[in-house]
Each structure stands twice: as structure tokens, then as C-alpha cells.
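Reproduced below: query32.pdb, with PDB, N, CA and C atoms, pLDDT in the B column.
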ATOM      1  N   MET W   1       0.156  20.693 -28.417  1.00 74.00           N
ATOM      2  CA  MET W   1      -0.358  21.440 -27.288  1.00 74.00           C
ATOM      3  C   MET W   1      -1.853  21.662 -27.515  1.00 74.00           C
ATOM      4  N   LYS W   2      -2.604  21.373 -26.484  1.00 84.00           N
ATOM      5  CA  LYS W   2      -4.055  21.505 -26.577  1.00 84.00           C
ATOM      6  C   LYS W   2      -4.474  22.931 -26.221  1.00 84.00           C
ATOM      7  N   VAL W   3      -5.511  23.397 -26.885  1.00 93.00           N
ATOM      8  CA  VAL W   3      -6.072  24.722 -26.617  1.00 93.00           C
ATOM      9  C   VAL W   3      -7.428  24.523 -25.960  1.00 93.00           C
ATOM     10  N   TYR W   4      -7.632  25.190 -24.829  1.00 94.00           N
ATOM     11  CA  TYR W   4      -8.891  25.096 -24.080  1.00 94.00           C
ATOM     12  C   TYR W   4      -9.654  26.394 -24.229  1.00 94.00           C
ATOM     13  N   THR W   5     -10.966  26.296 -24.178  1.00 95.00           N
ATOM     14  CA  THR W   5     -11.779  27.512 -24.140  1.00 95.00           C
ATOM     15  C   THR W   5     -11.719  28.088 -22.736  1.00 95.00           C
ATOM     16  N   TYR W   6     -12.103  29.331 -22.620  1.00 93.00           N
ATOM     17  CA  TYR W   6     -12.116  29.987 -21.320  1.00 93.00           C
ATOM     18  C   TYR W   6     -12.996  29.215 -20.337  1.00 93.00           C
ATOM     19  N   SER W   7     -14.164  28.777 -20.789  1.00 94.00           N
ATOM     20  CA  SER W   7     -15.093  28.048 -19.919  1.00 94.00           C
ATOM     21  C   SER W   7     -14.488  26.728 -19.453  1.00 94.00           C
ATOM     22  N   GLU W   8     -13.839  25.992 -20.369  1.00 94.00           N
ATOM     23  CA  GLU W   8     -13.191  24.732 -19.988  1.00 94.00           C
ATOM     24  C   GLU W   8     -12.080  24.981 -18.977  1.00 94.00           C
ATOM     25  N   ALA W   9     -11.299  26.024 -19.223  1.00 94.00           N
ATOM     26  CA  ALA W   9     -10.188  26.344 -18.333  1.00 94.00           C
ATOM     27  C   ALA W   9     -10.689  26.696 -16.936  1.00 94.00           C
ATOM     28  N   ARG W  10     -11.768  27.442 -16.879  1.00 94.00           N
ATOM     29  CA  ARG W  10     -12.337  27.837 -15.587  1.00 94.00           C
ATOM     30  C   ARG W  10     -12.800  26.619 -14.801  1.00 94.00           C
ATOM     31  N   GLN W  11     -13.418  25.660 -15.490  1.00 96.00           N
ATOM     32  CA  GLN W  11     -13.949  24.467 -14.825  1.00 96.00           C
ATOM     33  C   GLN W  11     -12.859  23.477 -14.448  1.00 96.00           C
ATOM     34  N   ARG W  12     -11.742  23.481 -15.188  1.00 94.00           N
ATOM     35  CA  ARG W  12     -10.711  22.465 -15.005  1.00 94.00           C
ATOM     36  C   ARG W  12      -9.362  23.074 -14.663  1.00 94.00           C
ATOM     37  N   LEU W  13      -9.343  24.125 -13.875  1.00 95.00           N
ATOM     38  CA  LEU W  13      -8.109  24.852 -13.600  1.00 95.00           C
ATOM     39  C   LEU W  13      -7.017  23.954 -13.016  1.00 95.00           C
ATOM     40  N   ALA W  14      -7.342  23.139 -12.022  1.00 96.00           N
ATOM     41  CA  ALA W  14      -6.331  22.275 -11.394  1.00 96.00           C
ATOM     42  C   ALA W  14      -5.723  21.326 -12.423  1.00 96.00           C
ATOM     43  N   THR W  15      -6.562  20.783 -13.295  1.00 94.00           N
ATOM     44  CA  THR W  15      -6.078  19.876 -14.339  1.00 94.00           C
ATOM     45  C   THR W  15      -5.170  20.617 -15.314  1.00 94.00           C
ATOM     46  N   LEU W  16      -5.538  21.837 -15.677  1.00 95.00           N
ATOM     47  CA  LEU W  16      -4.713  22.625 -16.588  1.00 95.00           C
ATOM     48  C   LEU W  16      -3.366  22.968 -15.974  1.00 95.00           C
ATOM     49  N   LEU W  17      -3.353  23.270 -14.687  1.00 95.00           N
ATOM     50  CA  LEU W  17      -2.082  23.554 -14.012  1.00 95.00           C
ATOM     51  C   LEU W  17      -1.177  22.326 -14.034  1.00 95.00           C
ATOM     52  N   ASP W  18      -1.747  21.148 -13.783  1.00 95.00           N
ATOM     53  CA  ASP W  18      -0.964  19.908 -13.842  1.00 95.00           C
ATOM     54  C   ASP W  18      -0.444  19.664 -15.254  1.00 95.00           C
ATOM     55  N   GLU W  19      -1.292  19.879 -16.234  1.00 95.00           N
ATOM     56  CA  GLU W  19      -0.903  19.673 -17.625  1.00 95.00           C
ATOM     57  C   GLU W  19       0.194  20.648 -18.035  1.00 95.00           C
ATOM     58  N   ALA W  20       0.086  21.895 -17.633  1.00 94.00           N
ATOM     59  CA  ALA W  20       1.120  22.883 -17.943  1.00 94.00           C
ATOM     60  C   ALA W  20       2.441  22.492 -17.294  1.00 94.00           C
ATOM     61  N   SER W  21       2.358  21.912 -16.113  1.00 93.00           N
ATOM     62  CA  SER W  21       3.559  21.478 -15.410  1.00 93.00           C
ATOM     63  C   SER W  21       4.269  20.354 -16.155  1.00 93.00           C
ATOM     64  N   THR W  22       3.507  19.424 -16.712  1.00 93.00           N
ATOM     65  CA  THR W  22       4.124  18.287 -17.398  1.00 93.00           C
ATOM     66  C   THR W  22       4.431  18.586 -18.863  1.00 93.00           C
ATOM     67  N   GLU W  23       3.550  19.320 -19.550  1.00 92.00           N
ATOM     68  CA  GLU W  23       3.710  19.575 -20.978  1.00 92.00           C
ATOM     69  C   GLU W  23       4.518  20.840 -21.285  1.00 92.00           C
ATOM     70  N   GLY W  24       4.639  21.728 -20.322  1.00 93.00           N
ATOM     71  CA  GLY W  24       5.374  22.973 -20.531  1.00 93.00           C
ATOM     72  C   GLY W  24       4.487  24.185 -20.651  1.00 93.00           C
ATOM     73  N   GLU W  25       3.346  24.029 -21.330  1.00 94.00           N
ATOM     74  CA  GLU W  25       2.403  25.147 -21.416  1.00 94.00           C
ATOM     75  C   GLU W  25       1.057  24.660 -21.935  1.00 94.00           C
ATOM     76  N   VAL W  26       0.041  25.468 -21.669  1.00 95.00           N
ATOM     77  CA  VAL W  26      -1.330  25.210 -22.112  1.00 95.00           C
ATOM     78  C   VAL W  26      -1.869  26.531 -22.649  1.00 95.00           C
ATOM     79  N   ARG W  27      -2.653  26.473 -23.712  1.00 96.00           N
ATOM     80  CA  ARG W  27      -3.247  27.691 -24.285  1.00 96.00           C
ATOM     81  C   ARG W  27      -4.729  27.766 -23.927  1.00 96.00           C
ATOM     82  N   ILE W  28      -5.176  28.985 -23.669  1.00 96.00           N
ATOM     83  CA  ILE W  28      -6.582  29.238 -23.352  1.00 96.00           C
ATOM     84  C   ILE W  28      -7.079  30.284 -24.344  1.00 96.00           C
ATOM     85  N   ARG W  29      -8.195  29.983 -25.004  1.00 96.00           N
ATOM     86  CA  ARG W  29      -8.746  30.884 -26.025  1.00 96.00           C
ATOM     87  C   ARG W  29     -10.062  31.477 -25.531  1.00 96.00           C
ATOM     88  N   ARG W  30     -10.171  32.786 -25.653  1.00 95.00           N
ATOM     89  CA  ARG W  30     -11.418  33.472 -25.327  1.00 95.00           C
ATOM     90  C   ARG W  30     -12.355  33.430 -26.526  1.00 95.00           C
ATOM     91  N   ARG W  31     -13.591  33.810 -26.275  1.00 94.00           N
ATOM     92  CA  ARG W  31     -14.601  33.843 -27.332  1.00 94.00           C
ATOM     93  C   ARG W  31     -14.228  34.779 -28.480  1.00 94.00           C
ATOM     94  N   ASP W  32     -13.519  35.863 -28.131  1.00 96.00           N
ATOM     95  CA  ASP W  32     -13.142  36.832 -29.171  1.00 96.00           C
ATOM     96  C   ASP W  32     -11.924  36.374 -29.981  1.00 96.00           C
ATOM     97  N   GLY W  33     -11.391  35.180 -29.670  1.00 95.00           N
ATOM     98  CA  GLY W  33     -10.269  34.626 -30.429  1.00 95.00           C
ATOM     99  C   GLY W  33      -8.906  34.886 -29.833  1.00 95.00           C
ATOM    100  N   SER W  34      -8.819  35.754 -28.822  1.00 96.00           N
ATOM    101  CA  SER W  34      -7.515  36.011 -28.214  1.00 96.00           C
ATOM    102  C   SER W  34      -7.071  34.786 -27.415  1.00 96.00           C
ATOM    103  N   GLU W  35      -5.786  34.496 -27.466  1.00 96.00           N
ATOM    104  CA  GLU W  35      -5.227  33.328 -26.776  1.00 96.00           C
ATOM    105  C   GLU W  35      -4.222  33.763 -25.727  1.00 96.00           C
ATOM    106  N   PHE W  36      -4.155  32.965 -24.682  1.00 96.00           N
ATOM    107  CA  PHE W  36      -3.230  33.200 -23.594  1.00 96.00           C
ATOM    108  C   PHE W  36      -2.488  31.901 -23.313  1.00 96.00           C
ATOM    109  N   VAL W  37      -1.260  32.021 -22.858  1.00 96.00           N
ATOM    110  CA  VAL W  37      -0.450  30.853 -22.562  1.00 96.00           C
ATOM    111  C   VAL W  37      -0.288  30.738 -21.048  1.00 96.00           C
ATOM    112  N   LEU W  38      -0.550  29.541 -20.546  1.00 95.00           N
ATOM    113  CA  LEU W  38      -0.360  29.244 -19.129  1.00 95.00           C
ATOM    114  C   LEU W  38       0.829  28.313 -19.032  1.00 95.00           C
ATOM    115  N   ARG W  39       1.883  28.754 -18.339  1.00 94.00           N
ATOM    116  CA  ARG W  39       3.069  27.907 -18.180  1.00 94.00           C
ATOM    117  C   ARG W  39       3.640  28.085 -16.781  1.00 94.00           C
ATOM    118  N   PRO W  40       4.351  27.073 -16.297  1.00 94.00           N
ATOM    119  CA  PRO W  40       4.918  27.174 -14.949  1.00 94.00           C
ATOM    120  C   PRO W  40       5.987  28.265 -14.880  1.00 94.00           C
ATOM    121  N   ALA W  41       6.031  28.965 -13.782  1.00 91.00           N
ATOM    122  CA  ALA W  41       7.064  29.983 -13.573  1.00 91.00           C
ATOM    123  C   ALA W  41       8.371  29.290 -13.218  1.00 91.00           C
ATOM    124  N   GLU W  42       9.483  29.935 -13.582  1.00 87.00           N
ATOM    125  CA  GLU W  42      10.782  29.390 -13.213  1.00 87.00           C
ATOM    126  C   GLU W  42      10.955  29.489 -11.717  1.00 87.00           C
ATOM    127  N   ARG W  43      11.483  28.415 -11.169  1.00 82.00           N
ATOM    128  CA  ARG W  43      11.761  28.442  -9.730  1.00 82.00           C
ATOM    129  C   ARG W  43      13.052  29.209  -9.488  1.00 82.00           C
ATOM    130  N   LYS W  44      12.990  30.102  -8.552  1.00 85.00           N
ATOM    131  CA  LYS W  44      14.197  30.842  -8.191  1.00 85.00           C
ATOM    132  C   LYS W  44      15.018  29.956  -7.261  1.00 85.00           C
ATOM    133  N   ARG W  45      16.270  29.837  -7.592  1.00 85.00           N
ATOM    134  CA  ARG W  45      17.152  28.976  -6.806  1.00 85.00           C
ATOM    135  C   ARG W  45      18.149  29.822  -6.032  1.00 85.00           C
ATOM    136  N   SER W  46      18.542  29.306  -4.923  1.00 86.00           N
ATOM    137  CA  SER W  46      19.545  29.968  -4.110  1.00 86.00           C
ATOM    138  C   SER W  46      20.911  29.827  -4.773  1.00 86.00           C
ATOM    139  N   PRO W  47      21.738  30.860  -4.721  1.00 83.00           N
ATOM    140  CA  PRO W  47      23.095  30.718  -5.253  1.00 83.00           C
ATOM    141  C   PRO W  47      23.911  29.713  -4.446  1.00 83.00           C
ATOM    142  N   LEU W  48      23.440  29.380  -3.262  1.00 85.00           N
ATOM    143  CA  LEU W  48      24.137  28.399  -2.427  1.00 85.00           C
ATOM    144  C   LEU W  48      23.697  26.970  -2.733  1.00 85.00           C
ATOM    145  N   ASP W  49      22.707  26.825  -3.594  1.00 84.00           N
ATOM    146  CA  ASP W  49      22.206  25.510  -3.969  1.00 84.00           C
ATOM    147  C   ASP W  49      23.104  24.953  -5.082  1.00 84.00           C
ATOM    148  N   VAL W  50      24.159  24.280  -4.674  1.00 83.00           N
ATOM    149  CA  VAL W  50      25.143  23.751  -5.623  1.00 83.00           C
ATOM    150  C   VAL W  50      25.092  22.226  -5.619  1.00 83.00           C
ATOM    151  N   PRO W  51      25.477  21.610  -6.725  1.00 86.00           N
ATOM    152  CA  PRO W  51      25.454  20.146  -6.767  1.00 86.00           C
ATOM    153  C   PRO W  51      26.481  19.537  -5.820  1.00 86.00           C
ATOM    154  N   PHE W  52      26.195  18.341  -5.378  1.00 85.00           N
ATOM    155  CA  PHE W  52      27.059  17.610  -4.467  1.00 85.00           C
ATOM    156  C   PHE W  52      28.330  17.197  -5.195  1.00 85.00           C
ATOM    157  N   VAL W  53      29.459  17.317  -4.518  1.00 84.00           N
ATOM    158  CA  VAL W  53      30.743  16.905  -5.079  1.00 84.00           C
ATOM    159  C   VAL W  53      31.337  15.842  -4.177  1.00 84.00           C
ATOM    160  N   GLU W  54      31.640  14.693  -4.743  1.00 87.00           N
ATOM    161  CA  GLU W  54      32.259  13.600  -3.983  1.00 87.00           C
ATOM    162  C   GLU W  54      33.750  13.862  -3.894  1.00 87.00           C
ATOM    163  N   THR W  55      34.243  14.081  -2.670  1.00 86.00           N
ATOM    164  CA  THR W  55      35.658  14.387  -2.479  1.00 86.00           C
ATOM    165  C   THR W  55      36.443  13.212  -1.934  1.00 86.00           C
ATOM    166  N   GLY W  56      35.748  12.276  -1.289  1.00 91.00           N
ATOM    167  CA  GLY W  56      36.449  11.155  -0.679  1.00 91.00           C
ATOM    168  C   GLY W  56      37.076  11.532   0.649  1.00 91.00           C
ATOM    169  N   ILE W  57      36.755  12.725   1.159  1.00 93.00           N
ATOM    170  CA  ILE W  57      37.300  13.190   2.436  1.00 93.00           C
ATOM    171  C   ILE W  57      36.239  13.018   3.511  1.00 93.00           C
ATOM    172  N   THR W  58      36.651  12.553   4.664  1.00 92.00           N
ATOM    173  CA  THR W  58      35.701  12.358   5.763  1.00 92.00           C
ATOM    174  C   THR W  58      35.443  13.684   6.471  1.00 92.00           C
ATOM    175  N   ARG W  59      34.430  13.673   7.281  1.00 92.00           N
ATOM    176  CA  ARG W  59      34.081  14.868   8.054  1.00 92.00           C
ATOM    177  C   ARG W  59      35.228  15.258   8.976  1.00 92.00           C
ATOM    178  N   ALA W  60      35.817  14.285   9.612  1.00 95.00           N
ATOM    179  CA  ALA W  60      36.930  14.546  10.530  1.00 95.00           C
ATOM    180  C   ALA W  60      38.109  15.187   9.789  1.00 95.00           C
ATOM    181  N   GLU W  61      38.395  14.720   8.580  1.00 94.00           N
ATOM    182  CA  GLU W  61      39.495  15.292   7.798  1.00 94.00           C
ATOM    183  C   GLU W  61      39.203  16.740   7.417  1.00 94.00           C
ATOM    184  N   ILE W  62      37.967  17.024   7.071  1.00 92.00           N
ATOM    185  CA  ILE W  62      37.583  18.401   6.727  1.00 92.00           C
ATOM    186  C   ILE W  62      37.755  19.309   7.936  1.00 92.00           C
ATOM    187  N   LEU W  63      37.310  18.845   9.096  1.00 94.00           N
ATOM    188  CA  LEU W  63      37.447  19.654  10.308  1.00 94.00           C
ATOM    189  C   LEU W  63      38.920  19.882  10.647  1.00 94.00           C
ATOM    190  N   ASP W  64      39.763  18.864  10.466  1.00 94.00           N
ATOM    191  CA  ASP W  64      41.199  19.019  10.712  1.00 94.00           C
ATOM    192  C   ASP W  64      41.799  20.068   9.771  1.00 94.00           C
ATOM    193  N   LEU W  65      41.410  20.023   8.493  1.00 93.00           N
ATOM    194  CA  LEU W  65      41.911  21.004   7.538  1.00 93.00           C
ATOM    195  C   LEU W  65      41.473  22.419   7.908  1.00 93.00           C
ATOM    196  N   LEU W  66      40.233  22.577   8.365  1.00 93.00           N
ATOM    197  CA  LEU W  66      39.751  23.893   8.794  1.00 93.00           C
ATOM    198  C   LEU W  66      40.541  24.406   9.997  1.00 93.00           C
ATOM    199  N   ARG W  67      40.786  23.536  10.975  1.00 95.00           N
ATOM    200  CA  ARG W  67      41.566  23.939  12.164  1.00 95.00           C
ATOM    201  C   ARG W  67      42.959  24.387  11.763  1.00 95.00           C
ATOM    202  N   GLU W  68      43.584  23.626  10.876  1.00 93.00           N
ATOM    203  CA  GLU W  68      44.949  23.968  10.435  1.00 93.00           C
ATOM    204  C   GLU W  68      44.972  25.318   9.732  1.00 93.00           C
ATOM    205  N   SER W  69      43.987  25.550   8.857  1.00 94.00           N
ATOM    206  CA  SER W  69      43.974  26.822   8.119  1.00 94.00           C
ATOM    207  C   SER W  69      43.719  28.005   9.058  1.00 94.00           C
ATOM    208  N   ARG W  70      42.938  27.795  10.090  1.00 94.00           N
ATOM    209  CA  ARG W  70      42.666  28.876  11.043  1.00 94.00           C
ATOM    210  C   ARG W  70      43.887  29.169  11.892  1.00 94.00           C
ATOM    211  N   GLU W  71      44.643  28.115  12.225  1.00 92.00           N
ATOM    212  CA  GLU W  71      45.847  28.310  13.038  1.00 92.00           C
ATOM    213  C   GLU W  71      46.931  29.059  12.263  1.00 92.00           C
ATOM    214  N   ARG W  72      46.999  28.811  10.965  1.00 88.00           N
ATOM    215  CA  ARG W  72      47.991  29.470  10.103  1.00 88.00           C
ATOM    216  C   ARG W  72      47.625  30.930   9.835  1.00 88.00           C
ATOM    217  N   GLY W  73      46.315  31.196   9.747  1.00 72.00           N
ATOM    218  CA  GLY W  73      45.843  32.519   9.342  1.00 72.00           C
ATOM    219  C   GLY W  73      45.911  33.505  10.419  1.00 72.00           C
TER     220      GLY W  73
END
Output the structure of this file as C-alpha cells.
Amino acid sequence: MKVYTYSEARQRLATLLDEASTEGEVRIRRRDGSEFVLRPAERKRSPLDVPFVETGITRAEILDLLRESRERG
């Protein structure tokens, strides 16, 4: 992981953001020696964002099953 000075980071912010995105994080060091870590924030995902499941059932079959369950209920 590369460490950038504050001045370099200020001049190359867009590049540092891209690098943090691909490398995971970038460090920035101030003149007084203190360091800071720049890393991408976790994306918040919807609980409804679920992976696709192959069922082998057609749309028409799904609709028929829904109609049947509603008629029974």
C-alpha cells in the first residue's frame, strides 16, 4: 500500500479514490507524521436484493400457482 503526502493527495484526489477502490485503501500522511486511511465505504444493500434462483418454472406456471393458493386461502 502506497502512502501519499497531504499535498499529493490534495492534487490527485480522483486518482486516490480510484486506487482506494481497486486496492482497498490508501494512506495519507501529514507533515506532523499523522496518517489517515482512505477506503471505500461499504455499500448498503437492500434486504430484498437476493441472488437469482433457477427454478425451471415458467411465468405462467408461477401465476397459476399464485391463483391456486389465493383460491384456497
Item checked: Picked residues, the PyMOL selection byres (((chain W and resi 17 and name CA) around 12) and name CA), expected as a PyMOL selection string -> chain W and resi 9-16+18-28+37-41
Next item on the list: Kindly give the distance, in Å, that separates atom CA of W:Arg72 and atom C of W:Arg59, rounded to a single decimal.
Entry: 19.1 Å
Would you give the centre and edge lengths, in Å to one decimal, of a box along x, y and z around the listed atoms of stretch 39-56 of chain W, with 6 Å added to each side, as lines of an AutoDock Vina configuration file?
center_x = 19.5
center_y = 21.0
center_z = -8.8
size_x = 47.2
size_y = 31.7
size_z = 31.0
Check: chain W: which residues are strand (DSSP E) by DSSP, as a list in words?
Finding: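 Residues meeting the strand (DSSP E) criterion: Val3, Tyr4, Thr5, Val26, Arg27, Ile28, Arg29, Glu35, Phe36, Val37 and Leu38 of chain W.
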Hey, can you spit out that residue selection with N, CA and C atoms as a PDB file, in the coordinates of the input?
ATOM      1  N   VAL W   3      -5.511  23.397 -26.885  1.00 93.00           N
ATOM      2  CA  VAL W   3      -6.072  24.722 -26.617  1.00 93.00           C
ATOM      3  C   VAL W   3      -7.428  24.523 -25.960  1.00 93.00           C
ATOM      4  N   TYR W   4      -7.632  25.190 -24.829  1.00 94.00           N
ATOM      5  CA  TYR W   4      -8.891  25.096 -24.080  1.00 94.00           C
ATOM      6  C   TYR W   4      -9.654  26.394 -24.229  1.00 94.00           C
ATOM      7  N   THR W   5     -10.966  26.296 -24.178  1.00 95.00           N
ATOM      8  CA  THR W   5     -11.779  27.512 -24.140  1.00 95.00           C
ATOM      9  C   THR W   5     -11.719  28.088 -22.736  1.00 95.00           C
ATOM     10  N   VAL W  26       0.041  25.468 -21.669  1.00 95.00           N
ATOM     11  CA  VAL W  26      -1.330  25.210 -22.112  1.00 95.00           C
ATOM     12  C   VAL W  26      -1.869  26.531 -22.649  1.00 95.00           C
ATOM     13  N   ARG W  27      -2.653  26.473 -23.712  1.00 96.00           N
ATOM     14  CA  ARG W  27      -3.247  27.691 -24.285  1.00 96.00           C
ATOM     15  C   ARG W  27      -4.729  27.766 -23.927  1.00 96.00           C
ATOM     16  N   ILE W  28      -5.176  28.985 -23.669  1.00 96.00           N
ATOM     17  CA  ILE W  28      -6.582  29.238 -23.352  1.00 96.00           C
ATOM     18  C   ILE W  28      -7.079  30.284 -24.344  1.00 96.00           C
ATOM     19  N   ARG W  29      -8.195  29.983 -25.004  1.00 96.00           N
ATOM     20  CA  ARG W  29      -8.746  30.884 -26.025  1.00 96.00           C
ATOM     21  C   ARG W  29     -10.062  31.477 -25.531  1.00 96.00           C
ATOM     22  N   GLU W  35      -5.786  34.496 -27.466  1.00 96.00           N
ATOM     23  CA  GLU W  35      -5.227  33.328 -26.776  1.00 96.00           C
ATOM     24  C   GLU W  35      -4.222  33.763 -25.727  1.00 96.00           C
ATOM     25  N   PHE W  36      -4.155  32.965 -24.682  1.00 96.00           N
ATOM     26  CA  PHE W  36      -3.230  33.200 -23.594  1.00 96.00           C
ATOM     27  C   PHE W  36      -2.488  31.901 -23.313  1.00 96.00           C
ATOM     28  N   VAL W  37      -1.260  32.021 -22.858  1.00 96.00           N
ATOM     29  CA  VAL W  37      -0.450  30.853 -22.562  1.00 96.00           C
ATOM     30  C   VAL W  37      -0.288  30.738 -21.048  1.00 96.00           C
ATOM     31  N   LEU W  38      -0.550  29.541 -20.546  1.00 95.00           N
ATOM     32  CA  LEU W  38      -0.360  29.244 -19.129  1.00 95.00           C
ATOM     33  C   LEU W  38       0.829  28.313 -19.032  1.00 95.00           C
TER      34      LEU W  38
END
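The interatomic distance for the pair atom C of W:Phe52 and atom N of W:Asp64 works out to 19.5 Å.
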Check: In Å to one decimal, how far is atom N of W:Val3 from atom CA of W:Arg29?
Finding: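 According to the coordinates, atom CA of W:Arg29 and atom N of W:Val3 are separated by 8.2 Å.
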Next item on the list: Please give the complete set of residues from chain W that DSSP, run on the backbone, assigns to helix (DSSP H, G or I), formatted as a PyMOL selection string.
Entry: chain W and resi 6-11+13-23+59-72
